[in-house]
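**Student:** Quick one: the structure is below, and I'll ask about it shortly.
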Protein chains: 2
Amino acid sequence: MINAVREWREALGEECVVGGGTANDRAETATFRTHQKIPLILRPRSREQVCEVVRIANRHGVPIYPVSSGRNWGYGSRVPVVSGCALIDLSGMKRIVDFNERLGYVTVQPGVTQKDLYNFLRAGKSKLWMDATGSSPDCSLIGNAMERGFGHTPYSDHFAQICALEVVLPNGEAINTGFSGLPSTRAGKVYRWGAGPSLDGLFSQSNFGIVTEMTIWLMPAPEYFQAFFFQSDREDGLAAIVDALRPLRMDGTLRSAIHIANDYKVLAGLQQFPQGETAPLRPERMIELRRRMKFTRWSGSGALYGTRAQVAEARRLLRGALKGAASTLKFLDDRMLSMAGRFTGLYRIATGLDLTRTLELVKPVYGLLRGVPTQQPLGSAYWRRSMPVPSDPDPDRDGCGLIWTAPVAPMEGEHAARLAGIVERRLLAHGFEPMISVTLLTERSIACVVSITYDREKPGEDDKAMECYFALQADLETEGYYSYRLATPALPEPAADNAYGRLLKSIRTALDPNDVLAPGRYVPRV
Amino acid sequence: MINAVREWREALGEECVVGGGTANDRAETATFRTHQKIPLILRPRSREQVCEVVRIANRHGVPIYPVSSGRNWGYGSRVPVVSGCALIDLSGMKRIVDFNERLGYVTVQPGVTQKDLYNFLRAGKSKLWMDATGSSPDCSLIGNAMERGFGHTPYSDHFAQICALEVVLPNGEAINTGFSGLPSTRAGKVYRWGAGPSLDGLFSQSNFGIVTEMTIWLMPAPEYFQAFFFQSDREDGLAAIVDALRPLRMDGTLRSAIHIANDYKVLAGLQQFPQGETAPLRPERMIELRRRMKFTRWSGSGALYGTRAQVAEARRLLRGALKGAASTLKFLDDRMLSMAGRFTGLYRIATGLDLTRTLELVKPVYGLLRGVPTQQPLGSAYWRRSMPVPSDPDPDRDGCGLIWTAPVAPMEGEHAARLAGIVERRLLAHGFEPMISVTLLTERSIACVVSITYDREKPGEDDKAMECYFALQADLETEGYYSYRLATPALPEPAADNAYGRLLKSIRTALDPNDVLAPGRYVPRV
């Protein structure tokens, strides 16, 4: 280790090799309990430096663990799978390397965040929209896409909208995927597959390389945009809604991910755990809260994109589909939003209701549906905390307990209902409020995003939450619902004792014989 | 080899191991000259038999080369990259393993052809449409998707619409990709990525495994379908059209691949090489033929899918976009087509023009735009042959010379025009008519499909065509336009002397240390 550190210092400069102290403590802290130690943080500033860092790691057999922004909240933040890894913090690589307005793409380094790209597009008066996850404006675009995160617009399946990866391999060599590495290449950033085997998938959710550059496709801003919001107060509303929307999602009328939240999720978006109530809030209690606070068992959001006529026709079809399945369906566009803003005072005088608060809640979702990053949803990580949500939320720092899992199922009402049932029962049994949202993720699949949210400062809760997580994973796997993404504690699982495990292990052994890069991450160890 | 043959006979039965004779001669014959010898043909009937075949090959170090239907016409048919491979003919594995009308997918084995799936959907009165390539109804669905072929509907990018591969690895073990191999799995056939690295791309255009099962997504038949046809007689029409259509392709108004053919391609669709003309037909001569036969420099086709209102709005936008870029734009739907069929006689009397012939030409394209396989485009492979197109075209058997290449470029008029110019100049210089079509392949990319079409029975033509192919590849690569798919003679090229080549080679070495499976195919040799 000592020799590696010396060489890293030489390669990066003293100031980019940080060892011991508060920086490490913070890096070792996630939104759930971890034991892994990080002896050192490395901050390379270029692809060449990343290559050099990897080569040094290999020479000395020291494991390394790359993170982009390190905000993999709910899945392990920046904490490595195993102890003793030097953390490679790529957040300093913040260049927007290339941009094409006409063809709609941007090429970024790992440190470029959702906010960075959003500001870049605004500053250039671009007519292109990005897609944003509801996690944090400070999330890395590369980090999220490589973990196959999703957002809210027609480009919501992030990994499906990227190409032309620049990857530093475990041997310290760099490659470019698809056509992007070929001399004088023209189509590398517009066509994904290239010629020969397509390798992009190999570098997502894995430890086969460090992605140092990626091209993201951006959607042209539509002539007209209209968000929609729907509700159902029926217990079986979720199944009816999923079945009602499936044909429109499959035929392309609905081009974006639709998100349907349960009552717990809505409540956690409105406020922190209500004072005076007993945890966990029981379903019977939720019925009363819903009635009092005027929200429903299920609440959904989505948006329509196109010309005015395209949106009008989609609206007609959506109305027809949700008739009977949802009790309310409201549409919202820029004009209505700005009018509502102007009339809140008048509205309050006339009706006694405060529209301002509603608008505050709707605006972030409305923004996400058009690719505007927001930190608002992050507030729900403070649900069980005694402190109020700060202006700069940081769940790692603030002792927020948060474990996410997101099982995938076919887009059918019966699966959605069964999934929701499994999750709600399991979380309540362990004393947690089951906050879930069901996302119509692709044309044929849904993901049920589950958050186990708790107070890390309350003794025993870390253990309770992790028990709940593993019990839930077991429930879900018994039923065949596997999560699209895993939290660090579930990662070192893939067994090498079946053909698939052996295949992954043989690729791993070929690419990283010293088991140096992010050991244990999604792939069996050498 | 002798021991391997004995074991193969034991494993498959005598009748499924064919050696010597006409079967081999036919298998060794492509649409261009090849020298590779095939000592043996193996016909496994199940995944287990495929595993056994591979294990035996490994034990004895005998190379094997799998084909599905073996109709990789223009790219090498069923001929292996190197000599001495036993051919694994998977065309006998013809099961449709699974089908789901509601979620729109079908799971097939390698022997299932476009025609098989089409008939299956019709027999079951399915409301789902498949996508078909214009190659042949007898093409394998798996073979085409794994070579990343494309068709005409919104599901035209075949490799983007499949998942859940069952793959026999070079070590004889079988795996399933994504979630599809997990116990009790639910989402394997509706969600592509699974958890952990996504491996599908690894098995396309490669020799890392034999795909024995694949799930294909199918599109719901739209309420209304309308094909459109447009023309431009201007030399610079192609660039104008590509630029005019790009915004509609990017914003989702045009959801399917649009194909734009040059005059040579149209003429080859109408008839064989015109008697009395001198080859190659010069551009000046084409102007006269166009005038006489009433076709234009550029002709395009595409289709609109949706409700009546969705199609009406798309039609309005398309009209607006093509105004000034195309000289004609005609729409065609089922009603118009059946009316036209009834009125051809009357039409001929009134105008003197024969509509029947036009309809005969339009119908196959109209069909392809709604996923109906056709053998009609295959007729153009007989362009230079002295025999007429038979009722059961088979370019391999009939001495049709055909080499395809398909360089990819950004979807911009200047690239389309430059590509077309390079191709037309190069083919004419070598004495071939340059038949090309430019496909608006994805939202941001075009592919220029080039066919070098000649008469294999004419002495010297095989050499001339191959010279032309390599000269064209060199032209294109100098300009940075790389083909999305390679013909066998160009395959053993990937060098292992750069980082990308070394990466492929190290994966190859890990998966297939004996270099047994399809040696040389897209991947450097061990």
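Every chain in the structure tokens has a letter given in the order shown (A, B, ...), and although residue numbers restart at 1 in each chain, ligands are simply numbered from 1 in the order shown.
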Could you go through segment 392-519 of chain B and tell me which residues DSSP, when run on the backbone, assigns to alpha helix (DSSP H), listing them as a PyMOL selection string?
**Tutor:** chain B and resi 413-429+461-478+499-511
**Student:** Mind listing as number ranges by chain which residues of chain A are within 7 Å of chain B, counting only C-alpha atoms?
**Tutor:** A: 103, 173-175, 183-187, 190-191, 194-199, 201-206, 220, 251, 309-310, 313, 408-410, 444-445, 479-481, 483-485, 499-500, 506-507, 510, 522
**Student:** Just want the 8 Å neighbourhood of segment 371-375 of chain A, counted on only C-alpha atoms, with same-chain residues fewer than 3 positions away dropped. Output as a ChimeraX atom specification.
**Tutor:** /A:114-115,118,129-137,152-153,364,367-368,378-379,393
**Student:** Quick one: pull the distance between atom CA of Ser180 of chain B and atom CA of Gly124 of chain B, Å, one decimal.
**Tutor:**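 Going from atom CA of Ser180 of chain B over to atom CA of Gly124 of chain B, I get 25.3 Å.
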**Student:** My list of candidates is A:Ala471, A:Ala227, A:Val242, A:Val168. Which is closest to Leu332 of chain A when distances are computed with only C-alpha atoms?
**Tutor:**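 Checking each of A:Ala471, A:Ala227, A:Val242, A:Val168 against Leu332 of chain A, counting only C-alpha atoms, the winner is A:Ala227.
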**Student:** Considering only C-alpha atoms, return as a VMD selection string whatever protein or nucleic-acid residues lie within 8 Å of segment 43-58 of chain A, sequence-local ones (same chain, fewer than 4 positions apart) excluded.
**Tutor:** chain A and resid 4 7 to 8 11 to 12 16 to 17 62 to 64 88 to 93 168 170 to 174 212 514 516 to 517
**Student:** Using C-alpha atoms, can you write the selected residues to a file as an mmCIF file, in the first residue's frame?
**Tutor:**
data_model
loop_
_atom_site.group_PDB
_atom_site.id
_atom_site.type_symbol
_atom_site.label_atom_id
_atom_site.label_comp_id
_atom_site.auth_asym_id
_atom_site.auth_seq_id
_atom_site.Cartn_x
_atom_site.Cartn_y
_atom_site.Cartn_z
ATOM 1 C CA ALA A 4 1.153 2.560 -4.221
ATOM 2 C CA GLU A 7 3.310 6.493 -6.801
ATOM 3 C CA TRP A 8 -0.207 7.901 -6.706
ATOM 4 C CA ALA A 11 1.140 10.771 -10.553
ATOM 5 C CA LEU A 12 -1.658 13.036 -9.271
ATOM 6 C CA CYS A 16 -5.179 14.905 -5.072
ATOM 7 C CA VAL A 17 -4.330 12.059 -2.704
ATOM 8 C CA VAL A 62 -4.316 -2.472 -4.119
ATOM 9 C CA PRO A 63 -8.077 -2.469 -4.728
ATOM 10 C CA ILE A 64 -9.688 0.720 -6.019
ATOM 11 C CA ILE A 88 -11.294 7.118 -6.942
ATOM 12 C CA ASP A 89 -13.363 10.272 -6.781
ATOM 13 C CA LEU A 90 -14.107 11.371 -10.358
ATOM 14 C CA SER A 91 -16.199 14.386 -9.419
ATOM 15 C CA GLY A 92 -13.395 16.724 -10.462
ATOM 16 C CA MET A 93 -13.679 15.635 -14.092
ATOM 17 C CA VAL A 168 -10.514 2.775 -18.675
ATOM 18 C CA PRO A 170 -8.724 -2.740 -15.261
ATOM 19 C CA ASN A 171 -5.383 -3.096 -17.066
ATOM 20 C CA GLY A 172 -5.087 0.698 -17.365
ATOM 21 C CA GLU A 173 -5.791 0.839 -21.090
ATOM 22 C CA ALA A 174 -8.605 3.017 -22.458
ATOM 23 C CA THR A 212 -14.578 8.439 -18.164
ATOM 24 C CA ASN A 514 -5.646 -9.103 -9.824
ATOM 25 C CA VAL A 516 -8.302 -4.737 -8.380
ATOM 26 C CA LEU A 517 -11.232 -2.740 -9.722
#
**Student:** Of the residues A:Asp515, A:Asp497, A:Met286, A:Leu361, which is the one nearest to His60 of chain A, using only C-alpha atoms?
**Tutor:** A:Asp515
**Student:** Between atom CA of Glu101 of chain B and atom CA of Leu117 of chain B, what distance in Å does the model show, to one decimal?
**Tutor:** 13.3 Å
**Student:** Taking the chain letters and numbering used in this document, name the residues of segment 204-277 of chain B that DSSP puts in strand (DSSP E), as a count of residues only.
**Tutor:** 24
**Student:** Can you tell me which residues surround Asp236 of chain B at a distance of at most 10 Å, considering only C-alpha atoms, apart from same-chain residues fewer than 6 positions away, and format the answer as a count of residues only?
**Tutor:** 6
